[in-house]
>>> print(open('run.txt').read())   # compact mmCIF, C-alpha atoms
# COMPACT_ATOMS: atom_id res chain seq x y z
CA MET A 1 -270.98 -36.77 14.99
CA ASN A 2 -269.14 -36.07 11.77
CA ILE A 3 -271.75 -35.34 9.13
CA VAL A 4 -271.45 -34.64 5.40
CA LEU A 5 -274.30 -32.33 4.37
CA LEU A 6 -274.80 -32.15 0.62
CA GLY A 7 -276.76 -29.06 -0.39
CA GLY A 8 -275.82 -27.30 2.84
CA SER A 9 -276.06 -23.85 1.25
CA GLY A 10 -279.48 -24.51 -0.25
CA PHE A 11 -283.02 -23.59 0.74
CA VAL A 12 -283.58 -26.53 3.12
CA GLY A 13 -279.98 -27.58 3.68
CA SER A 14 -278.89 -24.23 5.14
CA LYS A 15 -281.52 -24.56 7.86
CA VAL A 16 -280.53 -28.17 8.56
CA ALA A 17 -276.93 -26.98 8.93
CA LYS A 18 -277.85 -24.39 11.57
CA ILE A 19 -279.74 -26.95 13.64
CA LEU A 20 -276.99 -29.56 13.52
CA GLN A 21 -274.24 -27.04 14.23
CA ALA A 22 -276.20 -25.70 17.19
CA ASN A 23 -276.46 -29.29 18.46
CA GLY A 24 -272.67 -29.64 18.39
CA HIS A 25 -272.11 -31.78 15.31
CA ASN A 26 -269.14 -31.38 12.97
CA LEU A 27 -270.40 -30.58 9.48
CA THR A 28 -268.63 -30.94 6.16
CA MET A 29 -270.47 -29.07 3.42
CA PRO A 30 -268.63 -29.42 0.10
CA ASN A 31 -268.97 -26.54 -2.35
CA HIS A 32 -269.33 -26.85 -6.12
CA GLN A 33 -265.58 -26.86 -6.69
CA GLU A 34 -265.12 -29.70 -4.20
CA LEU A 35 -268.08 -31.74 -5.44
CA ASP A 36 -269.49 -31.09 -8.89
CA LEU A 37 -272.71 -33.10 -8.98
CA LEU A 38 -272.69 -33.14 -12.79
CA ASN A 39 -269.08 -34.31 -12.97
CA PRO A 40 -268.23 -36.02 -9.68
CA ASN A 41 -264.61 -36.97 -9.03
CA ARG A 42 -264.11 -40.14 -6.99
CA GLN A 43 -260.84 -38.99 -5.42
CA ASN A 44 -262.42 -35.75 -4.20
CA ILE A 45 -265.42 -37.63 -2.86
CA GLU A 46 -263.23 -40.02 -0.90
CA LYS A 47 -261.47 -37.03 0.72
CA ILE A 48 -264.83 -35.50 1.66
CA PHE A 49 -266.16 -38.78 3.07
CA HIS A 50 -263.03 -39.62 5.09
CA ASN A 51 -263.81 -40.20 8.79
CA GLN A 52 -267.51 -39.34 8.41
CA ASN A 53 -270.45 -40.99 10.19
CA ILE A 54 -273.49 -39.82 8.20
CA ILE A 55 -274.33 -38.50 4.74
CA ILE A 56 -277.30 -36.14 4.42
CA ASN A 57 -278.34 -35.49 0.83
CA ALA A 58 -280.41 -32.29 0.83
CA VAL A 59 -279.88 -31.61 -2.88
CA GLY A 60 -282.88 -30.98 -5.10
CA ILE A 61 -283.14 -28.98 -8.32
CA MET A 62 -285.60 -28.01 -10.99
CA SER A 63 -284.41 -28.07 -14.59
CA ARG A 64 -285.93 -28.15 -18.04
CA PHE A 65 -283.37 -30.81 -18.95
CA SER A 66 -284.35 -34.32 -17.87
CA GLU A 67 -280.75 -35.52 -18.21
CA ILE A 68 -279.65 -32.98 -15.57
CA LEU A 69 -282.40 -34.11 -13.20
CA GLU A 70 -281.34 -37.72 -13.79
CA LYS A 71 -277.69 -36.93 -13.08
CA VAL A 72 -278.24 -34.84 -9.94
CA HIS A 73 -281.08 -36.85 -8.39
CA TYR A 74 -280.12 -40.38 -9.38
CA GLN A 75 -276.76 -41.08 -11.00
CA THR A 76 -274.55 -38.99 -8.72
CA PRO A 77 -276.28 -40.02 -5.45
CA LYS A 78 -275.90 -43.64 -6.56
CA LEU A 79 -272.15 -43.12 -7.05
CA LEU A 80 -271.84 -41.27 -3.75
CA ALA A 81 -273.67 -44.08 -1.93
CA GLU A 82 -271.37 -46.67 -3.48
CA ILE A 83 -268.31 -44.76 -2.30
CA ALA A 84 -269.84 -44.17 1.16
CA ALA A 85 -270.58 -47.89 1.54
CA ASP A 86 -267.05 -48.79 0.41
CA MET A 87 -265.73 -46.45 3.12
CA ASN A 88 -267.89 -48.15 5.77
CA ILE A 89 -270.26 -45.22 6.31
CA LYS A 90 -273.45 -46.78 7.62
CA TYR A 91 -276.16 -44.13 7.46
CA TRP A 92 -277.70 -41.95 4.75
CA VAL A 93 -280.53 -39.39 5.09
CA GLN A 94 -282.22 -38.54 1.79
CA LEU A 95 -284.32 -35.44 1.06
CA SER A 96 -286.72 -36.52 -1.67
CA ALA A 97 -290.16 -35.25 -2.67
CA LEU A 98 -293.75 -36.30 -2.03
CA GLY A 99 -294.83 -38.59 -4.84
CA ALA A 100 -291.29 -39.62 -5.81
CA ASP A 101 -291.52 -42.85 -7.81
CA GLU A 102 -289.28 -44.21 -10.54
CA HIS A 103 -292.42 -44.96 -12.60
CA ASN A 104 -293.86 -41.44 -12.32
CA GLN A 105 -294.54 -39.74 -15.64
CA THR A 106 -292.73 -36.53 -14.64
CA ALA A 107 -288.95 -36.28 -14.93
CA PHE A 108 -288.55 -34.62 -11.53
CA LEU A 109 -290.43 -37.22 -9.49
CA SER A 110 -289.16 -40.20 -11.47
CA SER A 111 -285.51 -39.09 -11.06
CA LYS A 112 -286.11 -38.57 -7.34
CA GLY A 113 -287.67 -42.02 -7.08
CA ARG A 114 -284.73 -43.67 -8.84
CA GLY A 115 -282.33 -41.86 -6.54
CA ASP A 116 -284.22 -43.00 -3.43
CA ASN A 117 -284.24 -46.62 -4.61
CA ALA A 118 -280.57 -46.56 -5.57
CA VAL A 119 -279.22 -45.31 -2.24
CA ALA A 120 -281.58 -47.61 -0.31
CA ALA A 121 -280.23 -50.59 -2.23
CA ILE A 122 -276.60 -49.69 -1.45
CA MET A 123 -276.37 -48.19 2.04
CA PRO A 124 -276.95 -50.26 5.22
CA VAL A 125 -279.40 -47.72 6.69
CA VAL A 126 -281.30 -45.13 4.65
CA ASN A 127 -284.09 -42.85 5.88
CA ILE A 128 -286.03 -40.84 3.30
CA ALA A 129 -287.92 -37.56 3.77
CA ARG A 130 -290.60 -36.70 1.20
CA PRO A 131 -291.97 -33.19 1.74
CA SER A 132 -294.97 -31.63 0.07
CA VAL A 133 -294.83 -28.09 -1.33
CA ILE A 134 -292.45 -26.25 1.02
CA TYR A 135 -293.17 -22.76 2.32
CA GLY A 136 -290.25 -20.52 3.23
CA ARG A 137 -288.79 -17.24 2.04
CA GLY A 138 -286.04 -17.82 -0.47
CA GLY A 139 -287.50 -20.99 -1.95
CA ALA A 140 -287.91 -20.55 -5.70
CA SER A 141 -291.42 -22.02 -5.97
CA CYS A 142 -292.54 -20.31 -2.78
CA GLU A 143 -291.40 -16.89 -4.02
CA LEU A 144 -293.35 -17.48 -7.23
CA PHE A 145 -296.49 -18.24 -5.20
CA ILE A 146 -295.92 -15.09 -3.12
CA LYS A 147 -295.66 -12.93 -6.24
CA LEU A 148 -298.81 -14.47 -7.69
CA ALA A 149 -300.68 -13.88 -4.44
CA LYS A 150 -300.10 -10.13 -4.75
CA LEU A 151 -302.07 -9.87 -8.00
CA PRO A 152 -305.67 -8.55 -7.66
CA ILE A 153 -306.84 -10.80 -10.50
CA LEU A 154 -305.51 -14.35 -10.71
CA GLY A 155 -305.85 -16.46 -13.83
CA LEU A 156 -305.45 -20.00 -12.53
CA PRO A 157 -305.69 -23.34 -14.33
CA GLU A 158 -308.92 -25.08 -13.27
CA LYS A 159 -309.61 -22.16 -10.85
CA GLY A 160 -306.64 -23.30 -8.75
CA ASP A 161 -308.53 -26.33 -7.43
CA PHE A 162 -305.37 -28.45 -7.22
CA ILE A 163 -304.98 -29.99 -3.76
CA LEU A 164 -301.84 -29.25 -1.71
CA GLN A 165 -300.64 -29.81 1.84
CA PRO A 166 -297.95 -27.13 2.25
CA VAL A 167 -295.25 -27.70 4.85
CA PHE A 168 -293.05 -25.20 6.69
CA VAL A 169 -289.36 -25.24 5.71
CA ASP A 170 -288.25 -24.94 9.35
CA GLU A 171 -290.15 -28.12 10.19
CA VAL A 172 -288.74 -30.00 7.21
CA ALA A 173 -285.25 -28.99 8.36
CA LEU A 174 -285.97 -30.05 11.94
CA GLY A 175 -287.31 -33.38 10.70
CA LEU A 176 -284.14 -34.01 8.69
CA ALA A 177 -281.95 -33.07 11.66
CA ASN A 178 -283.93 -35.42 13.90
CA MET A 179 -283.51 -38.19 11.32
CA ALA A 180 -279.75 -37.65 11.39
CA GLU A 181 -279.55 -37.80 15.17
CA LYS A 182 -281.94 -40.70 15.69
CA PRO A 183 -281.85 -43.18 12.80
CA MET A 184 -284.99 -45.17 12.10
CA PRO A 185 -285.13 -48.64 10.53
CA HIS A 186 -283.65 -49.02 7.06
CA GLY A 187 -286.01 -47.92 4.30
CA THR A 188 -288.17 -45.70 6.51
CA VAL A 189 -289.98 -43.05 4.46
CA VAL A 190 -291.52 -40.04 6.20
CA ASN A 191 -294.03 -37.99 4.21
CA MET A 192 -293.56 -34.42 5.43
CA THR A 193 -296.85 -32.59 5.01
CA GLY A 194 -298.40 -29.65 6.81
CA GLY A 195 -301.33 -29.59 9.18
CA LYS A 196 -303.97 -28.59 6.63
CA VAL A 197 -305.00 -29.63 3.12
CA VAL A 198 -305.82 -26.63 0.91
CA SER A 199 -306.39 -25.91 -2.74
CA MET A 200 -303.81 -23.88 -4.61
CA ALA A 201 -306.33 -21.01 -4.71
CA GLN A 202 -306.79 -21.20 -0.93
CA TYR A 203 -303.02 -21.29 -0.39
CA LEU A 204 -302.60 -18.15 -2.49
CA ALA A 205 -305.45 -16.50 -0.58
CA ILE A 206 -303.70 -17.24 2.73
CA MET A 207 -300.52 -15.68 1.39
CA ARG A 208 -302.43 -12.69 0.06
CA GLN A 209 -304.08 -12.05 3.43
CA ASN A 210 -301.17 -12.82 5.75
CA LEU A 211 -298.26 -11.41 3.74
CA HIS A 212 -299.77 -8.68 1.58
CA HIS A 213 -302.72 -7.73 3.85
CA LYS A 214 -305.05 -7.47 0.88
CA PRO A 215 -308.67 -8.55 0.31
CA PRO A 216 -309.34 -11.75 -1.68
CA ALA A 217 -308.30 -11.68 -5.31
CA LYS A 218 -310.66 -12.36 -8.17
CA ILE A 219 -310.06 -15.85 -9.58
CA VAL A 220 -310.40 -16.30 -13.32
CA ASN A 221 -310.59 -19.87 -14.60
CA ILE A 222 -308.11 -20.89 -17.30
CA PRO A 223 -308.84 -24.31 -18.83
CA ILE A 224 -305.83 -26.61 -18.85
CA ASN A 225 -306.19 -27.15 -22.60
CA ALA A 226 -305.88 -23.39 -23.15
CA ILE A 227 -302.42 -23.21 -21.59
CA LYS A 228 -300.97 -26.48 -22.89
CA PRO A 229 -299.69 -24.91 -26.17
CA PHE A 230 -297.66 -22.37 -24.15
CA LEU A 231 -296.12 -24.80 -21.66
CA PRO A 232 -293.12 -25.86 -23.80
CA ILE A 233 -292.06 -22.20 -24.05
CA SER A 234 -292.70 -21.49 -20.37
CA LYS A 235 -290.68 -24.60 -19.49
CA ILE A 236 -287.66 -23.01 -21.18
CA LEU A 237 -288.22 -19.54 -19.75
CA SER A 238 -288.78 -20.83 -16.19
CA ASN A 239 -286.15 -23.61 -16.40
CA GLY A 240 -288.79 -26.23 -15.67
CA MET A 241 -290.68 -24.37 -12.93
CA LEU A 242 -293.78 -23.95 -15.12
CA SER A 243 -293.96 -26.87 -17.52
CA PRO A 244 -296.15 -29.80 -18.58
CA ASP A 245 -294.54 -31.76 -15.72
CA SER A 246 -295.34 -29.14 -13.06
CA ILE A 247 -298.97 -28.97 -14.21
CA LYS A 248 -299.14 -32.78 -14.12
CA MET A 249 -297.82 -32.77 -10.54
CA LEU A 250 -300.47 -30.22 -9.54
CA GLN A 251 -303.20 -32.30 -11.17
CA ASP A 252 -302.03 -35.41 -9.30
CA GLY A 253 -302.30 -33.63 -5.94
CA ASN A 254 -299.69 -33.29 -3.23
CA THR A 255 -301.07 -34.62 0.06
CA ALA A 256 -300.32 -37.43 2.52
CA ASP A 257 -300.93 -38.46 6.11
CA ASN A 258 -298.56 -36.60 8.44
CA GLY A 259 -298.71 -38.89 11.47
CA ASP A 260 -295.13 -40.15 11.05
CA PHE A 261 -293.94 -36.58 10.51
CA ALA A 262 -295.66 -35.43 13.70
CA ARG A 263 -293.96 -38.21 15.66
CA LEU A 264 -290.61 -37.25 14.15
CA LEU A 265 -291.08 -33.60 15.14
CA GLY A 266 -292.62 -34.36 18.52
CA TYR A 267 -295.65 -32.16 17.76
CA PRO A 268 -298.28 -31.76 15.00
CA PRO A 269 -296.92 -29.89 11.96
CA LYS A 270 -298.25 -26.39 11.44
CA SER A 271 -300.84 -25.48 8.84
CA ALA A 272 -300.41 -22.77 6.21
CA ASN A 273 -302.52 -20.36 8.27
CA GLU A 274 -299.93 -20.65 11.04
CA PHE A 275 -296.65 -20.47 9.15
CA VAL A 276 -297.45 -18.02 6.34
CA LEU A 277 -296.40 -14.86 8.16
>>> encode(input="run.txt", output="structure tokens")
Amino acid sequence: MNIVLLGGSGFVGSKVAKILQANGHNLTMPNHQELDLLNPNRQNIEKIFHNQNIIINAVGIMSRFSEILEKVHYQTPKLLAEIAADMNIKYWVQLSALGADEHNQTAFLSSKGRGDNAVAAIMPVVNIARPSVIYGRGGASCELFIKLAKLPILGLPEKGDFILQPVFVDEVALGLANMAEKPMPHGTVVNMTGGKVVSMAQYLAIMRQNLHHKPPAKIVNIPINAIKPFLPISKILSNGMLSPDSIKMLQDGNTADNGDFARLLGYPPKSANEFVL
């Protein structure tokens, strides 16, 4: 098949590309000059989409600017879907995020939710993947967790009791590739979560033991209210990685049933104990 893979050089997209190329598909992966997601050019897009069968949108960013999140996650995918539909492309695979909802209070998840809804309303067949926190070397949030796990004393908001269900990047990529090769009914959403629910503190402890081969760290509780005054500054310094929104997402939890994901993979997804190596 002829497949356009948006975000093909990214954390997840690069692994999707390897799987699809190994399976014999023809991939088109536009670079920034060919497709500027902040300033998309219709003529360029039509050239990219010519004679294509599938669009895979594996683009996802963090930013301190809500207008950038809105553009990259919602407005540009909506335009791309409109052009794809006009060119008679039938199928779209969307990499979203667990908890994506246009009514969510955080800019990241609300922009993702609007993007999901927009492409689903335009394209004939859309399948949506919503992963939990993704583990894999090279992922920005994952590398931050790995650095934290190395510290002998960890000051964590609410003792790190936030609930997560981390998922392995290789399995997310395989799930997306399987979606591309075997379309499911329009509007299908697959929550991609790992095999074990853990707290953030437990996740860091697994990383500390398996990656750094160190004894458990001492956990120091930091009340949420104590860090709130510093979050606006950290949002700027981390470009949105550590912000009021990211704390809100942790407080809301990041778990879901993985039965559909297991069926998509053909086996139960791994737990953090298995893939943190």
>>> closest_residue(input="run.txt", among="A:Ser111, A:Thr76, A:Ser246, A:Gln52", to="A:Leu38", atoms="all atoms listed in the file")
A:Thr76
>>> atom_distance(input="run.txt", atom1="atom CA of A:Asn117", atom2="atom CA of A:Ala81")
11.2 Å
>>> closest_residue(input="run.txt", among="A:Pro124, A:Gly13, A:Gly115, A:Pro269", to="A:Met184", atoms="all atoms listed in the file")
A:Pro124
>>> residues_around(input="run.txt", residues="A:Asp260", least_positions_apart="4", cutoff="12 Å", atoms="all atoms listed in the file", output="mmCIF file with C-alpha atoms, in the frame of the given file")
data_model
loop_
_atom_site.group_PDB
_atom_site.id
_atom_site.type_symbol
_atom_site.label_atom_id
_atom_site.label_comp_id
_atom_site.auth_asym_id
_atom_site.auth_seq_id
_atom_site.Cartn_x
_atom_site.Cartn_y
_atom_site.Cartn_z
ATOM 1 C CA ILE A 128 -286.030 -40.840 3.300
ATOM 2 C CA ALA A 129 -287.920 -37.560 3.770
ATOM 3 C CA ARG A 130 -290.600 -36.700 1.200
ATOM 4 C CA GLY A 175 -287.310 -33.380 10.700
ATOM 5 C CA MET A 179 -283.510 -38.190 11.320
ATOM 6 C CA MET A 184 -284.990 -45.170 12.100
ATOM 7 C CA THR A 188 -288.170 -45.700 6.510
ATOM 8 C CA VAL A 189 -289.980 -43.050 4.460
ATOM 9 C CA VAL A 190 -291.520 -40.040 6.200
ATOM 10 C CA ASN A 191 -294.030 -37.990 4.210
ATOM 11 C CA MET A 192 -293.560 -34.420 5.430
ATOM 12 C CA THR A 193 -296.850 -32.590 5.010
ATOM 13 C CA GLY A 194 -298.400 -29.650 6.810
ATOM 14 C CA ALA A 256 -300.320 -37.430 2.520
ATOM 15 C CA LEU A 264 -290.610 -37.250 14.150
ATOM 16 C CA LEU A 265 -291.080 -33.600 15.140
ATOM 17 C CA GLY A 266 -292.620 -34.360 18.520
ATOM 18 C CA TYR A 267 -295.650 -32.160 17.760
ATOM 19 C CA PRO A 268 -298.280 -31.760 15.000
ATOM 20 C CA PRO A 269 -296.920 -29.890 11.960
#
>>> residues_around(input="run.txt", residues="A:Ile222", least_positions_apart="4", cutoff="10 Å", atoms="only C-alpha atoms", output="ChimeraX atom specification")
/A:154-160,226-227
>>> residues_around(input="run.txt", residues="A:Ser9", least_positions_apart="6", cutoff="9 Å", atoms="only C-alpha atoms", output="ChimeraX atom specification")
/A:15,17,29,31
>>> residues_around(input="run.txt", residues="A:Ile206", least_positions_apart="6", cutoff="8 Å", atoms="all atoms listed in the file", output="PyMOL selection string")
chain A and resi 272-273+276
>>> residues_around(input="run.txt", residues="A:Met123", least_positions_apart="5", cutoff="7 Å", atoms="all atoms listed in the file", output="ChimeraX atom specification")
/A:81,85,90-92
>>> atom_distance(input="run.txt", atom1="atom CA of A:Asn258", atom2="atom CA of A:Gln165")
9.7 Å
>>> closest_residue(input="run.txt", among="A:Met241, A:Ile54, A:Leu37, A:Ile224", to="A:Ile68", atoms="all atoms listed in the file")
A:Leu37
>>> atom_distance(input="run.txt", atom1="atom CA of A:Asn23", atom2="atom CA of A:Asp170")
15.5 Å
>>> closest_residue(input="run.txt", among="A:Ile48, A:Ala140, A:Met1, A:Ile134", to="A:Ser238", atoms="only C-alpha atoms")
A:Ala140
>>> closest_residue(input="run.txt", among="A:Lys270, A:Lys235, A:His25, A:Lys71", to="A:Val197", atoms="only C-alpha atoms")
A:Lys270
>>> closest_residue(input="run.txt", among="A:Val119, A:Ile146, A:Leu151, A:Leu20", to="A:Leu211", atoms="all atoms listed in the file")
A:Ile146
>>> axis_aligned_box(input="run.txt", around="stretch 224-227 of chain A", padding_each_side="6 Å", output="lines of an AutoDock Vina configuration file")
center_x = -304.3
center_y = -25.2
center_z = -21.0
size_x = 15.8
size_y = 15.9
size_z = 16.3
